[in-house]
file run36.tsv (TSV, C-alpha atoms)
chain	number	residue	atom	x	y	z
A	1	MET	CA	38.36	40.44	-50.64
A	2	ARG	CA	35.47	38.17	-49.67
A	3	PHE	CA	33.83	38.65	-53.07
A	4	ILE	CA	37.06	37.70	-54.83
A	5	ARG	CA	37.48	34.64	-52.58
A	6	VAL	CA	33.98	33.28	-53.07
A	7	SER	CA	34.01	34.01	-56.82
A	8	TYR	CA	37.28	32.11	-57.22
A	9	ARG	CA	35.95	29.18	-55.23
A	10	PHE	CA	32.75	28.89	-57.26
A	11	LEU	CA	34.66	29.21	-60.52
A	12	TYR	CA	37.19	26.60	-59.44
A	13	PHE	CA	34.42	24.24	-58.33
A	14	ILE	CA	32.57	24.51	-61.64
A	15	ILE	CA	35.61	24.17	-63.91
A	16	TYR	CA	37.35	21.44	-61.94
A	17	THR	CA	34.13	19.47	-61.47
A	18	ALA	CA	33.44	19.67	-65.22
A	19	CYS	CA	36.91	18.28	-65.92
A	20	ILE	CA	36.41	15.45	-63.42
A	21	VAL	CA	32.98	14.56	-64.83
A	22	ALA	CA	34.57	14.31	-68.29
A	23	GLU	CA	37.34	12.12	-66.88
A	24	VAL	CA	34.84	9.91	-65.06
A	25	TYR	CA	32.81	9.53	-68.26
A	26	TRP	CA	35.95	8.63	-70.21
A	27	HIS	CA	36.90	5.90	-67.74
A	28	SER	CA	33.37	4.61	-67.21
A	29	ALA	CA	31.71	4.77	-70.62
A	30	VAL	CA	34.66	4.70	-73.03
A	31	LEU	CA	37.47	2.75	-71.37
A	32	HIS	CA	35.10	0.65	-69.23
A	33	SER	CA	37.54	0.94	-66.34
A	34	SER	CA	36.89	-0.84	-63.06
A	35	GLN	CA	34.65	0.77	-60.47
A	36	LEU	CA	37.65	1.26	-58.21
A	37	ARG	CA	39.49	3.17	-60.93
A	38	VAL	CA	36.53	5.47	-61.44
A	39	MET	CA	36.16	5.99	-57.69
A	40	ALA	CA	39.84	6.90	-57.44
A	41	VAL	CA	39.10	9.84	-59.75
A	42	ARG	CA	36.19	10.85	-57.53
A	43	ARG	CA	38.36	10.70	-54.40
A	44	ARG	CA	40.88	13.00	-56.05
A	45	TRP	CA	38.06	15.40	-56.87
A	46	ALA	CA	36.69	15.31	-53.30
A	47	ARG	CA	40.07	16.03	-51.72
A	48	ARG	CA	41.06	18.83	-54.06
A	49	VAL	CA	37.70	20.56	-54.25
A	50	LEU	CA	37.29	20.60	-50.47
A	51	ARG	CA	40.73	22.07	-50.01
A	52	ARG	CA	40.28	24.71	-52.72
A	53	VAL	CA	36.91	25.93	-51.36
A	54	GLY	CA	38.43	26.37	-47.92
A	55	VAL	CA	37.25	23.29	-46.05
A	56	VAL	CA	39.83	22.19	-43.49
A	57	THR	CA	39.11	18.56	-42.61
A	58	THR	CA	40.43	16.37	-39.83
A	59	GLU	CA	39.62	12.73	-39.20
A	60	ALA	CA	39.58	10.35	-36.27
A	61	GLY	CA	39.08	6.61	-36.26
A	62	ARG	CA	39.73	4.39	-39.25
A	63	PRO	CA	37.80	4.82	-42.50
A	64	PRO	CA	36.43	1.36	-43.40
A	65	ASP	CA	38.16	-0.52	-46.20
A	66	PHE	CA	35.61	-3.34	-46.20
A	67	PRO	CA	32.01	-3.68	-47.47
A	68	CYS	CA	29.62	-2.12	-44.94
A	69	LEU	CA	26.84	0.38	-44.41
A	70	LEU	CA	28.09	3.74	-43.16
A	71	LEU	CA	25.43	5.57	-41.15
A	72	ALA	CA	26.18	9.26	-40.52
A	73	ASN	CA	24.49	12.30	-39.06
A	74	HIS	CA	23.55	14.93	-41.63
A	75	ARG	CA	24.61	18.60	-41.33
A	76	SER	CA	25.48	19.95	-44.78
A	77	TYR	CA	25.62	19.35	-48.53
A	78	LEU	CA	29.35	18.74	-47.90
A	79	ASP	CA	28.73	15.61	-45.80
A	80	PRO	CA	28.94	12.99	-48.58
A	81	ILE	CA	32.07	14.63	-50.02
A	82	LEU	CA	33.74	14.61	-46.60
A	83	ILE	CA	33.31	10.83	-46.43
A	84	LEU	CA	34.08	10.17	-50.09
A	85	ARG	CA	37.50	11.79	-49.75
A	86	ASN	CA	38.56	8.68	-47.79
A	87	VAL	CA	36.14	5.89	-48.67
A	88	ASN	CA	35.33	4.25	-52.03
A	89	ALA	CA	31.61	4.03	-51.47
A	90	PHE	CA	28.18	4.42	-53.04
A	91	PRO	CA	26.23	7.29	-51.40
A	92	VAL	CA	22.45	7.06	-51.19
A	93	ALA	CA	20.94	10.35	-52.39
A	94	LYS	CA	17.58	11.85	-53.22
A	95	ALA	CA	16.53	11.37	-56.84
A	96	GLU	CA	16.46	15.16	-57.34
A	97	LEU	CA	20.26	15.18	-57.26
A	98	ALA	CA	20.25	13.36	-60.60
A	99	ASP	CA	18.98	16.57	-62.23
A	100	TRP	CA	21.77	18.79	-60.86
A	101	PRO	CA	24.10	20.08	-63.60
A	102	LEU	CA	27.43	18.22	-63.68
A	103	ILE	CA	27.00	16.61	-60.25
A	104	GLY	CA	24.03	14.44	-61.19
A	105	LYS	CA	25.59	12.76	-64.21
A	106	GLY	CA	29.05	12.56	-62.69
A	107	ALA	CA	27.70	10.93	-59.55
A	108	ARG	CA	25.83	8.30	-61.56
A	109	TRP	CA	28.95	7.35	-63.51
A	110	ALA	CA	31.15	7.35	-60.39
A	111	GLY	CA	28.75	5.32	-58.25
A	112	ILE	CA	25.58	6.43	-56.45
A	113	LEU	CA	22.21	5.00	-55.43
A	114	TYR	CA	19.29	7.33	-56.14
A	115	VAL	CA	16.01	7.00	-54.23
A	116	GLN	CA	12.62	8.62	-54.72
A	117	ARG	CA	11.63	8.98	-51.06
A	118	SER	CA	7.94	9.58	-51.78
A	119	GLN	CA	7.53	6.28	-53.59
A	120	GLY	CA	7.37	3.05	-51.59
A	121	ALA	CA	8.49	0.87	-54.49
A	122	SER	CA	11.56	3.03	-55.01
A	123	ARG	CA	12.50	2.79	-51.33
A	124	ILE	CA	12.19	-1.00	-51.40
A	125	SER	CA	14.33	-1.28	-54.52
A	126	THR	CA	16.90	1.01	-52.94
A	127	LEU	CA	17.17	-1.22	-49.86
A	128	LYS	CA	17.76	-4.19	-52.14
A	129	ALA	CA	20.35	-2.20	-54.09
A	130	ILE	CA	22.12	-1.33	-50.82
A	131	ALA	CA	22.34	-5.00	-49.89
A	132	ASP	CA	23.53	-5.95	-53.38
A	133	THR	CA	26.21	-3.23	-53.36
A	134	VAL	CA	27.59	-4.37	-49.99
A	135	LEU	CA	27.21	-8.15	-50.29
A	136	VAL	CA	27.70	-8.78	-54.03
A	137	ARG	CA	29.66	-5.81	-55.39
A	138	LYS	CA	31.67	-5.56	-52.12
A	139	PHE	CA	31.52	-1.77	-51.74
A	140	PRO	CA	30.51	0.35	-48.74
A	141	VAL	CA	27.30	2.36	-48.93
A	142	ILE	CA	26.83	5.79	-47.30
A	143	LEU	CA	23.42	6.54	-45.84
A	144	PHE	CA	22.13	9.43	-43.74
A	145	PRO	CA	19.36	7.80	-41.67
A	146	GLU	CA	17.83	11.13	-40.54
A	147	GLY	CA	16.78	11.74	-44.14
A	148	THR	CA	17.52	15.47	-43.96
A	149	THR	CA	19.93	17.94	-42.38
A	150	SER	CA	19.63	19.14	-38.80
A	151	ASP	CA	21.22	21.68	-36.45
A	152	LEU	CA	20.14	19.84	-33.30
A	153	PRO	CA	22.75	18.89	-30.68
A	154	GLY	CA	21.88	15.25	-31.39
A	155	MET	CA	20.10	13.50	-34.23
A	156	LEU	CA	16.61	13.50	-35.67
A	157	THR	CA	14.42	10.40	-35.62
A	158	PHE	CA	15.86	7.77	-37.95
A	159	LYS	CA	14.14	6.67	-41.11
A	160	SER	CA	13.79	2.94	-40.60
A	161	GLY	CA	14.94	1.70	-44.01
A	162	GLY	CA	18.70	1.62	-43.52
A	163	ILE	CA	18.53	-0.03	-40.11
A	164	ARG	CA	16.05	-2.64	-41.34
A	165	ALA	CA	18.22	-3.41	-44.36
A	166	ALA	CA	21.30	-3.86	-42.16
A	167	VAL	CA	19.50	-6.34	-39.91
A	168	LYS	CA	17.64	-8.16	-42.69
A	169	TYR	CA	20.72	-8.68	-44.87
A	170	ASN	CA	23.29	-8.97	-42.04
A	171	LEU	CA	25.23	-5.90	-43.17
A	172	PRO	CA	28.04	-4.66	-40.93
A	173	VAL	CA	27.45	-1.04	-39.90
A	174	VAL	CA	30.03	1.68	-39.25
A	175	PRO	CA	28.71	4.85	-37.55
A	176	VAL	CA	30.17	8.17	-38.68
A	177	ALA	CA	29.99	11.49	-36.82
A	178	ILE	CA	30.28	14.65	-38.93
A	179	CYS	CA	31.09	17.79	-36.95
A	180	PHE	CA	31.44	21.44	-37.96
A	181	SER	CA	33.13	24.00	-35.71
A	182	ASP	CA	30.69	26.76	-36.77
A	183	LYS	CA	26.96	26.01	-36.56
A	184	GLN	CA	26.37	28.52	-39.35
A	185	ASP	CA	27.91	25.94	-41.70
A	186	PHE	CA	24.86	23.71	-41.17
A	187	TRP	CA	22.55	23.75	-44.19
A	188	VAL	CA	19.08	23.78	-42.65
A	189	GLY	CA	15.74	25.46	-43.16
A	190	GLU	CA	14.54	26.91	-46.44
A	191	VAL	CA	17.81	28.50	-47.55
A	192	GLY	CA	18.69	27.46	-51.10
A	193	PHE	CA	21.93	25.66	-51.91
A	194	LEU	CA	23.51	28.48	-53.93
A	195	LYS	CA	22.63	31.15	-51.38
A	196	HIS	CA	24.00	29.13	-48.48
A	197	ALA	CA	27.15	28.14	-50.35
A	198	TRP	CA	27.78	31.74	-51.38
A	199	GLN	CA	27.49	32.87	-47.75
A	200	ARG	CA	29.69	30.17	-46.27
A	201	PHE	CA	32.40	30.17	-48.94
A	202	GLN	CA	33.11	33.81	-48.15
A	203	LYS	CA	34.77	32.56	-44.96
A	204	LYS	CA	38.51	32.07	-45.07
A	205	LYS	CA	38.04	28.48	-43.91
A	206	LEU	CA	35.36	26.01	-42.83
A	207	GLU	CA	36.44	23.49	-40.23
A	208	ALA	CA	34.99	19.97	-40.31
A	209	ARG	CA	35.84	16.78	-38.47
A	210	VAL	CA	34.84	13.27	-39.54
A	211	ILE	CA	34.96	10.54	-36.89
A	212	TYR	CA	34.70	6.88	-37.90
A	213	GLY	CA	33.37	4.42	-35.36
A	214	PRO	CA	33.66	0.69	-34.74
A	215	LYS	CA	32.00	-2.01	-36.79
A	216	LEU	CA	28.58	-2.83	-35.35
A	217	GLU	CA	26.56	-5.99	-35.99
A	218	PHE	CA	23.17	-6.62	-34.39
A	219	ASP	CA	20.26	-8.91	-35.24
A	220	ASN	CA	17.77	-6.52	-33.67
A	221	SER	CA	16.76	-3.23	-35.31
A	222	GLU	CA	16.12	-1.32	-32.08
A	223	GLU	CA	19.44	-2.36	-30.58
A	224	LEU	CA	21.33	-1.42	-33.75
A	225	GLU	CA	19.62	1.96	-34.04
A	226	GLY	CA	20.31	2.66	-30.37
A	227	ALA	CA	23.98	1.75	-30.70
A	228	VAL	CA	24.44	3.92	-33.81
A	229	ARG	CA	22.61	6.89	-32.29
A	230	ASN	CA	24.41	6.67	-28.95
A	231	TRP	CA	27.84	6.48	-30.55
A	232	ILE	CA	27.28	9.39	-32.94
A	233	GLU	CA	25.61	11.63	-30.37
A	234	THR	CA	28.44	10.97	-27.91
A	235	GLN	CA	30.97	12.12	-30.51
A	236	LEU	CA	28.91	15.22	-31.32
A	237	MET	CA	28.67	16.11	-27.64
A	238	GLU	CA	32.41	15.68	-27.04
A	239	PHE	CA	33.24	17.74	-30.13
A	240	SER	CA	30.87	20.52	-29.04
A	241	LYS	CA	32.48	20.62	-25.59
A	242	ASN	CA	35.96	20.86	-27.10
A	243	VAL	CA	34.92	23.66	-29.46
A	244	SER	CA	33.30	25.58	-26.59
A	245	ALA	CA	36.43	25.14	-24.46
A	246	VAL	CA	38.70	26.80	-27.04
A	247	SER	CA	36.26	29.53	-28.15
A	248	PRO	CA	37.07	33.06	-26.94
call {"tool": "encode", "arguments": {"input": "run36.tsv", "output": "structure tokens"}}
result
Amino acid sequence: MRFIRVSYRFLYFIIYTACIVAEVYWHSAVLHSSQLRVMAVRRRWARRVLRRVGVVTTEAGRPPDFPCLLLANHRSYLDPILILRNVNAFPVAKAELADWPLIGKGARWAGILYVQRSQGASRISTLKAIADTVLVRKFPVILFPEGTTSDLPGMLTFKSGGIRAAVKYNLPVVPVAICFSDKQDFWVGEVGFLKHAWQRFQKKKLEARVIYGPKLEFDNSEELEGAVRNWIETQLMEFSKNVSAVSP
């Protein structure tokens, strides 16, 4: 039964994603539709693909409908999709994602900011692109300031770029807490994407909760980082307590 379930989910993901990438290309490159129209297609993809692969998602707080920088903790490859199901935003992702079949091209057409983390010039240009996306293009940007996934109770040390960009360009910040009921759903260590996905998608369901916080505006990097970290870690702690309370 598990083999049938995971095989169906992978097949559905591949076929449906291929159809969505074609639709995104049609709107973006052929019809030259607005960015919002293209993002609407991506939101439909995010909602349907999460549901069909067994991810049960709940939300708290209000997803931002204004230009801002969303700073979230990082647990899984699902994290950006969990946010994109509700927010028309540009995620910031590692440049390697551009080479992924289907996902890389589709993401570029639908709206994404790629960064080569090992190159200083690329990081600087990405920070400028973040500011331009929020202030000029008027779209939110999703950034995971830890830079990688973690299974810690709290958060890893922040990479300074996102916080510095928010302060330098006066970008409003919305913290986002991403919580999974089962710690085995965290994608950490040296496990490859396909192996981890195959293991987790055998489950009947994966439970995730996305919590949107208040708009934060500081003119000091340390104060802003502290406020973001404190808010997210408080949500993670409360969620963990609630999960422990209902566990057998």
call {"tool": "residues_around", "arguments": {"input": "run36.tsv", "residues": "Lys215 in chain A", "least_positions_apart": "5", "cutoff": "10 Å", "atoms": "all atoms listed in the file", "output": "count of residues only"}}
result
8
call {"tool": "atom_distance", "arguments": {"input": "run36.tsv", "atom1": "CA of Ser221 in chain A", "atom2": "CA of Gly161 in chain A"}}
result
10.2 Å
call {"tool": "closest_residue", "arguments": {"input": "run36.tsv", "among": "A:Phe201, A:Val30, A:Asn242, A:Ile124", "to": "Ile4 in chain A", "atoms": "only C-alpha atoms"}}
result
A:Phe201
call {"tool": "closest_residue", "arguments": {"input": "run36.tsv", "among": "A:Glu225, A:Phe139, A:Gly189, A:Leu82", "to": "Val167 in chain A", "atoms": "all atoms listed in the file"}}
result
A:Glu225
call {"tool": "closest_residue", "arguments": {"input": "run36.tsv", "among": "A:Glu190, A:Asn220, A:Val6, A:Asn73", "to": "Lys159 in chain A", "atoms": "all atoms listed in the file"}}
result
A:Asn73
call {"tool": "residues_near_point", "arguments": {"input": "run36.tsv", "point": "(26.8, 9.6, -67.4)", "cutoff": "12 Å", "atoms": "all atoms listed in the file", "output": "number ranges by chain"}}
result
A: 20-30, 98-99, 101-112
call {"tool": "write_last_selection", "arguments": {"input": "run36.tsv", "atoms": "C-alpha atoms", "output": "CSV table (one decimal), in the frame of the given file"}}
result
chain,number,residue,atom,x,y,z
A,20,ILE,CA,36.4,15.4,-63.4
A,21,VAL,CA,33.0,14.6,-64.8
A,22,ALA,CA,34.6,14.3,-68.3
A,23,GLU,CA,37.3,12.1,-66.9
A,24,VAL,CA,34.8,9.9,-65.1
A,25,TYR,CA,32.8,9.5,-68.3
A,26,TRP,CA,36.0,8.6,-70.2
A,27,HIS,CA,36.9,5.9,-67.7
A,28,SER,CA,33.4,4.6,-67.2
A,29,ALA,CA,31.7,4.8,-70.6
A,30,VAL,CA,34.7,4.7,-73.0
A,98,ALA,CA,20.2,13.4,-60.6
A,99,ASP,CA,19.0,16.6,-62.2
A,101,PRO,CA,24.1,20.1,-63.6
A,102,LEU,CA,27.4,18.2,-63.7
A,103,ILE,CA,27.0,16.6,-60.2
A,104,GLY,CA,24.0,14.4,-61.2
A,105,LYS,CA,25.6,12.8,-64.2
A,106,GLY,CA,29.0,12.6,-62.7
A,107,ALA,CA,27.7,10.9,-59.6
A,108,ARG,CA,25.8,8.3,-61.6
A,109,TRP,CA,29.0,7.4,-63.5
A,110,ALA,CA,31.2,7.4,-60.4
A,111,GLY,CA,28.8,5.3,-58.2
A,112,ILE,CA,25.6,6.4,-56.4
call {"tool": "atom_distance", "arguments": {"input": "run36.tsv", "atom1": "CA of Arg51 in chain A", "atom2": "CA of Cys179 in chain A"}}
result
16.8 Å
call {"tool": "atom_distance", "arguments": {"input": "run36.tsv", "atom1": "CA of Ala208 in chain A", "atom2": "CA of Thr133 in chain A"}}
result
28.0 Å
call {"tool": "closest_residue", "arguments": {"input": "run36.tsv", "among": "A:Ser7, A:Pro63, A:Leu84, A:Asp219", "to": "Val41 in chain A", "atoms": "only C-alpha atoms"}}
result
A:Leu84
call {"tool": "decode", "arguments": {"input": "run36.tsv", "residues": "range 189-208 of chain A", "atoms": "C-alpha atoms", "output": "mmCIF file, in the first residue's frame"}}
result
data_model
loop_
_atom_site.group_PDB
_atom_site.id
_atom_site.type_symbol
_atom_site.label_atom_id
_atom_site.label_comp_id
_atom_site.auth_asym_id
_atom_site.auth_seq_id
_atom_site.Cartn_x
_atom_site.Cartn_y
_atom_site.Cartn_z
ATOM 1 C CA GLY A 189 21.958 16.089 7.140
ATOM 2 C CA GLU A 190 23.329 14.409 4.036
ATOM 3 C CA VAL A 191 20.138 12.656 2.928
ATOM 4 C CA GLY A 192 19.396 13.381 -0.723
ATOM 5 C CA PHE A 193 16.159 15.029 -1.818
ATOM 6 C CA LEU A 194 14.723 12.011 -3.656
ATOM 7 C CA LYS A 195 15.544 9.581 -0.861
ATOM 8 C CA HIS A 196 14.016 11.795 1.801
ATOM 9 C CA ALA A 197 10.921 12.556 -0.274
ATOM 10 C CA TRP A 198 10.415 8.863 -1.025
ATOM 11 C CA GLN A 199 10.571 8.043 2.691
ATOM 12 C CA ARG A 200 8.252 10.802 3.851
ATOM 13 C CA PHE A 201 5.659 10.522 1.088
ATOM 14 C CA GLN A 202 4.998 6.939 2.148
ATOM 15 C CA LYS A 203 3.171 8.404 5.145
ATOM 16 C CA LYS A 204 -0.563 8.796 4.842
ATOM 17 C CA LYS A 205 -0.220 12.479 5.722
ATOM 18 C CA LEU A 206 2.354 15.092 6.698
ATOM 19 C CA GLU A 207 1.110 17.790 9.041
ATOM 20 C CA ALA A 208 2.487 21.320 8.724
#
